[in-house]
Amino acid sequence: MEKKVSTLGKKLKTGLKLLLTGLAIFLVFRKIDTEELWLITKSIHWFWLLPALILFVLSKVFTALRLNLYFRNIGLNISEKLNFRLYLVGMFYNLFLPGGIGGDGYKIYLLNKNYKASVKSLIQASLLDRLGGLVAIVFLLLFLVLPVDLELPFESQVPWEVLIIIALVLVFPAFWMVQKLFFKSFLPSFIKSNIWSMLGQISQLVCAVFILIALGVETNFLAYQLVFLLSSIVAVLPLTIGGVGARELVFIYAHTYAGINEATAVAFSLIFFLISAFVSLAGSMIKVEFEDKIVSDL
């Protein structure tokens with residue numbers, strides 16, 4: 001009975017995400033000039049998408065290295081090659097099967113089964129991995145807010161630049177305190193893991209530049225990157241399938257304040273998703289091989 005209830009809950013969760021994804025996509029295409037979007041798409045300079053793809057893969061290499069640091073903190077030692085293959089498999093599950101077994105859950109299952117690693121420790125490592133990526137995004141987001149000319153819908157008695165600088169200074173000390181309180185066993189890798197986090201997010205920002213060049217954008221790169229980071233935070237929330245629709249809505253509603261073109265922003269977001277999906281497909285192609293050989297590889 002409990003199993004049926006659990007299965008029904010997962011189906012309802014997936015159905016809700018599909019509904020929200022469809023609603024988000026509907027709102028996006030209702031608010032933009034679809035003819036302009038089509039013209040932008042037809043004029044893409046495809047050559048520049050190759051370095052964008054390379055930078056995206058590189059960003060995933062960096063974040064996989066971060067995760068393996070956390071694994072080593074809990075006494076789980078696997079090769080970087082095997083860890084990256086496992087990371088790609090997780091990407092595939094996270095992108096295409098968010099309503100069923102997520103990528104993190106699947107990795108935890110495999111590592112627990114073959115290494116007998118503690119499920120609690122694996123969950124902590126996966127959660128901290130997500131949190132570490134989010135901290136890097138927040139830091140870079142705050143950093144980019146300073147040079148971007150934003151039209152804020154409110155006025156602050158204290159200069160907002162001062163507040164941003166204070167927040168920038170406090171980001172990593174606050175993260176260190178969180179780790180000390182809730183993830184103490186992972187503190188030895190605090191500096192290295194945050195370096196990998198920053199390199200991963202910076203690689204994605206450079207990836208974003210190449211996508212923008214491919215779309216013919218010549219100015220205002222920082223504003224697009226700023227909104228891209230904001231959309232990355234929203235896309236992490238388990239609201240839509242693979243973040244589709246959620247990212248685009250952020251670009252739509254932020255264009256007024258950041259001074260970016262709506263159609264170009266949506267085209268950028270869709271291309272970024274397609275690159276992510278393409279790389280995730282690599283995870284689906286190695287999945288069977290990974291499962292067949294995991295015992296011997298480990």
# chains A, B, ... in the order shown; residues from 1 in each chain; ligands from 1

$ residues_around --residues "segment 51-59 of chain A" --least-positions-apart "6" --cutoff "9 Å" --atoms "only C-alpha atoms" --output "ChimeraX atom specification"
/A:196-197,199-211,272,275-276,279

$ write_last_selection --atoms "all heavy atoms" --output "compact mmCIF listing (two decimals), in the first residue's frame"
# COMPACT_ATOMS: atom_id res chain seq x y z
N TRP A 196 37.06 25.01 -7.02
CA TRP A 196 36.43 24.28 -8.13
C TRP A 196 35.06 24.86 -8.45
O TRP A 196 34.67 24.94 -9.63
CB TRP A 196 36.31 22.80 -7.79
CG TRP A 196 37.60 22.02 -7.76
CD1 TRP A 196 38.04 21.20 -6.77
CD2 TRP A 196 38.62 22.00 -8.77
NE1 TRP A 196 39.26 20.66 -7.09
CE2 TRP A 196 39.65 21.13 -8.32
CE3 TRP A 196 38.77 22.62 -10.01
CZ2 TRP A 196 40.80 20.88 -9.05
CZ3 TRP A 196 39.93 22.37 -10.75
CH2 TRP A 196 40.92 21.52 -10.27
N SER A 197 34.33 25.27 -7.42
CA SER A 197 33.00 25.87 -7.63
C SER A 197 33.11 27.14 -8.46
O SER A 197 32.35 27.36 -9.42
CB SER A 197 32.33 26.19 -6.30
OG SER A 197 32.02 25.02 -5.58
N LEU A 199 35.61 28.09 -10.42
CA LEU A 199 36.07 27.78 -11.79
C LEU A 199 34.92 27.24 -12.63
O LEU A 199 34.81 27.55 -13.82
CB LEU A 199 37.22 26.78 -11.74
CG LEU A 199 38.56 27.31 -11.23
CD1 LEU A 199 39.57 26.17 -11.09
CD2 LEU A 199 39.10 28.38 -12.17
N GLY A 200 34.07 26.42 -12.01
CA GLY A 200 32.92 25.87 -12.73
C GLY A 200 31.96 26.95 -13.19
O GLY A 200 31.53 26.97 -14.35
N GLN A 201 31.64 27.88 -12.30
CA GLN A 201 30.70 28.95 -12.66
C GLN A 201 31.31 29.97 -13.61
O GLN A 201 30.63 30.48 -14.50
CB GLN A 201 30.20 29.64 -11.39
CG GLN A 201 29.33 28.76 -10.51
CD GLN A 201 28.14 28.19 -11.25
OE1 GLN A 201 27.55 28.83 -12.13
NE2 GLN A 201 27.77 26.97 -10.92
N ILE A 202 32.59 30.26 -13.44
CA ILE A 202 33.26 31.19 -14.36
C ILE A 202 33.30 30.59 -15.77
O ILE A 202 33.09 31.29 -16.77
CB ILE A 202 34.68 31.52 -13.86
CG1 ILE A 202 34.59 32.40 -12.62
CG2 ILE A 202 35.48 32.24 -14.94
CD1 ILE A 202 35.91 32.62 -11.91
N SER A 203 33.53 29.27 -15.85
CA SER A 203 33.52 28.59 -17.15
C SER A 203 32.15 28.73 -17.82
O SER A 203 32.06 28.94 -19.04
CB SER A 203 33.86 27.10 -16.99
OG SER A 203 35.17 26.94 -16.49
N GLN A 204 31.09 28.65 -17.03
CA GLN A 204 29.75 28.81 -17.60
C GLN A 204 29.50 30.25 -18.03
O GLN A 204 28.79 30.49 -19.02
CB GLN A 204 28.70 28.35 -16.59
CG GLN A 204 28.66 26.85 -16.41
CD GLN A 204 27.31 26.33 -15.98
OE1 GLN A 204 26.31 27.05 -15.95
NE2 GLN A 204 27.27 25.06 -15.63
N LEU A 205 30.08 31.21 -17.32
CA LEU A 205 29.94 32.60 -17.74
C LEU A 205 30.65 32.86 -19.06
O LEU A 205 30.15 33.60 -19.92
CB LEU A 205 30.49 33.54 -16.65
CG LEU A 205 29.66 33.69 -15.39
CD1 LEU A 205 30.36 34.61 -14.40
CD2 LEU A 205 28.27 34.23 -15.71
N VAL A 206 31.81 32.23 -19.24
CA VAL A 206 32.53 32.35 -20.52
C VAL A 206 31.74 31.63 -21.61
O VAL A 206 31.64 32.11 -22.75
CB VAL A 206 33.96 31.78 -20.42
CG1 VAL A 206 34.67 31.89 -21.75
CG2 VAL A 206 34.75 32.51 -19.33
N CYS A 207 31.17 30.47 -21.26
CA CYS A 207 30.29 29.76 -22.19
C CYS A 207 29.15 30.67 -22.64
O CYS A 207 28.82 30.71 -23.82
CB CYS A 207 29.73 28.50 -21.50
SG CYS A 207 28.34 27.72 -22.33
N ALA A 208 28.59 31.40 -21.68
CA ALA A 208 27.49 32.33 -22.00
C ALA A 208 27.93 33.41 -22.98
O ALA A 208 27.17 33.79 -23.88
CB ALA A 208 26.98 32.98 -20.71
N VAL A 209 29.16 33.89 -22.85
CA VAL A 209 29.68 34.91 -23.77
C VAL A 209 29.72 34.36 -25.20
O VAL A 209 29.31 35.05 -26.15
CB VAL A 209 31.10 35.37 -23.34
CG1 VAL A 209 31.73 36.23 -24.43
CG2 VAL A 209 31.03 36.15 -22.04
N PHE A 210 30.19 33.15 -25.36
CA PHE A 210 30.26 32.56 -26.70
C PHE A 210 28.86 32.35 -27.30
O PHE A 210 28.67 32.54 -28.51
CB PHE A 210 31.02 31.23 -26.66
CG PHE A 210 32.52 31.39 -26.56
CD1 PHE A 210 33.22 30.92 -25.47
CD2 PHE A 210 33.22 32.02 -27.58
CE1 PHE A 210 34.59 31.07 -25.38
CE2 PHE A 210 34.60 32.18 -27.51
CZ PHE A 210 35.29 31.71 -26.40
N ILE A 211 27.90 31.99 -26.46
CA ILE A 211 26.53 31.85 -26.96
C ILE A 211 26.00 33.21 -27.41
O ILE A 211 25.35 33.32 -28.47
CB ILE A 211 25.61 31.25 -25.87
CG1 ILE A 211 26.02 29.82 -25.54
CG2 ILE A 211 24.15 31.27 -26.35
CD1 ILE A 211 25.24 29.20 -24.39
N PHE A 272 21.36 27.41 -24.34
CA PHE A 272 22.07 26.89 -23.16
C PHE A 272 21.45 25.57 -22.71
O PHE A 272 22.16 24.61 -22.36
CB PHE A 272 22.05 27.90 -22.02
CG PHE A 272 22.83 27.45 -20.81
CD1 PHE A 272 24.21 27.62 -20.77
CD2 PHE A 272 22.20 26.83 -19.75
CE1 PHE A 272 24.94 27.18 -19.67
CE2 PHE A 272 22.92 26.40 -18.64
CZ PHE A 272 24.30 26.57 -18.61
N ILE A 275 22.50 22.79 -25.11
CA ILE A 275 23.87 22.36 -24.86
C ILE A 275 23.91 21.44 -23.64
O ILE A 275 24.56 20.39 -23.64
CB ILE A 275 24.80 23.58 -24.64
CG1 ILE A 275 25.00 24.32 -25.96
CG2 ILE A 275 26.15 23.14 -24.06
CD1 ILE A 275 25.81 25.60 -25.83
N SER A 276 23.19 21.83 -22.60
CA SER A 276 23.12 21.01 -21.39
C SER A 276 22.50 19.65 -21.69
O SER A 276 22.98 18.61 -21.21
CB SER A 276 22.30 21.74 -20.32
OG SER A 276 22.17 20.95 -19.17
N VAL A 279 25.01 17.41 -23.66
CA VAL A 279 26.02 16.82 -22.78
C VAL A 279 25.40 15.75 -21.89
O VAL A 279 26.01 14.71 -21.63
CB VAL A 279 26.69 17.92 -21.92
CG1 VAL A 279 27.66 17.31 -20.91
CG2 VAL A 279 27.42 18.91 -22.82

$ select_by_dssp --residues "segment 76-177 of chain A" --states "helix (DSSP H, G or I)" --output "VMD selection string"
chain A and resid 80 to 96 103 to 115 119 to 145 160 to 177

$ write_last_selection --atoms "C-alpha atoms" --output "compact mmCIF listing (two decimals), in the first residue's frame"
# COMPACT_ATOMS: atom_id res chain seq x y z
CA GLU A 80 38.28 11.03 -11.28
CA LYS A 81 37.37 9.19 -14.49
CA LEU A 82 34.77 7.04 -12.80
CA ASN A 83 33.46 10.01 -10.83
CA PHE A 84 32.97 12.06 -14.01
CA ARG A 85 31.16 9.20 -15.72
CA LEU A 86 28.91 8.95 -12.69
CA TYR A 87 28.43 12.73 -12.79
CA LEU A 88 27.26 12.56 -16.43
CA VAL A 89 24.81 9.80 -15.57
CA GLY A 90 23.46 11.99 -12.78
CA MET A 91 23.08 14.91 -15.18
CA PHE A 92 20.97 12.76 -17.47
CA TYR A 93 18.62 11.70 -14.69
CA ASN A 94 18.37 15.23 -13.28
CA LEU A 95 17.53 16.72 -16.67
CA PHE A 96 15.12 14.18 -18.12
CA GLY A 103 20.59 11.98 -10.53
CA ASP A 104 21.74 12.50 -6.96
CA GLY A 105 19.58 9.67 -5.69
CA TYR A 106 20.84 7.36 -8.41
CA LYS A 107 24.49 8.15 -7.58
CA ILE A 108 23.81 7.56 -3.90
CA TYR A 109 22.20 4.20 -4.72
CA LEU A 110 25.13 3.03 -6.85
CA LEU A 111 27.84 4.13 -4.43
CA ASN A 112 26.03 2.70 -1.44
CA LYS A 113 25.46 -0.59 -3.24
CA ASN A 114 29.02 -1.03 -4.50
CA TYR A 115 31.06 0.77 -1.83
CA VAL A 119 23.69 6.79 2.77
CA LYS A 120 23.61 9.69 5.24
CA SER A 121 27.17 10.73 4.32
CA LEU A 122 26.44 10.44 0.60
CA ILE A 123 23.31 12.59 0.98
CA GLN A 124 25.35 15.19 2.88
CA ALA A 125 28.03 15.20 0.16
CA SER A 126 25.42 15.62 -2.59
CA LEU A 127 23.59 18.34 -0.68
CA LEU A 128 26.80 20.23 0.03
CA ASP A 129 27.78 19.89 -3.62
CA ARG A 130 24.55 21.63 -4.62
CA LEU A 131 25.01 24.26 -1.92
CA GLY A 132 28.63 24.91 -2.95
CA GLY A 133 27.54 25.57 -6.52
CA LEU A 134 24.80 27.91 -5.32
CA VAL A 135 27.24 29.88 -3.16
CA ALA A 136 29.54 30.43 -6.15
CA ILE A 137 26.59 31.63 -8.23
CA VAL A 138 25.47 34.05 -5.51
CA PHE A 139 29.01 35.44 -5.13
CA LEU A 140 29.41 36.04 -8.87
CA LEU A 141 25.89 37.44 -9.09
CA LEU A 142 26.68 40.01 -6.40
CA PHE A 143 30.00 40.79 -8.07
CA LEU A 144 28.34 41.47 -11.44
CA VAL A 145 25.61 43.63 -9.93
CA TRP A 160 22.82 49.60 -2.55
CA GLU A 161 26.47 49.33 -3.63
CA VAL A 162 27.47 49.33 0.04
CA LEU A 163 25.00 46.54 0.79
CA ILE A 164 26.33 44.50 -2.13
CA ILE A 165 29.94 44.88 -0.99
CA ILE A 166 29.00 43.82 2.55
CA ALA A 167 27.18 40.78 1.16
CA LEU A 168 30.18 39.91 -1.02
CA VAL A 169 32.50 39.98 1.97
CA LEU A 170 30.16 37.79 4.02
CA VAL A 171 29.29 35.09 1.43
CA PHE A 172 32.16 32.68 2.04
CA PRO A 173 32.51 33.26 5.81
CA ALA A 174 28.77 32.53 6.11
CA PHE A 175 29.20 29.40 4.00
CA TRP A 176 32.10 28.32 6.23
CA MET A 177 29.88 28.70 9.30

$ closest_residue --among "A:Leu146, A:Ile195, A:Leu181, A:Ile233" --to "Thr63 of chain A" --atoms "only C-alpha atoms"
A:Ile195

$ closest_residue --among "A:Phe278, A:Phe268, A:Phe186, A:Tyr224" --to "Tyr70 of chain A" --atoms "only C-alpha atoms"
A:Phe186

$ atom_distance --atom1 "atom CA of Phe183 of chain A" --atom2 "atom CA of Asn73 of chain A"
10.4 Å
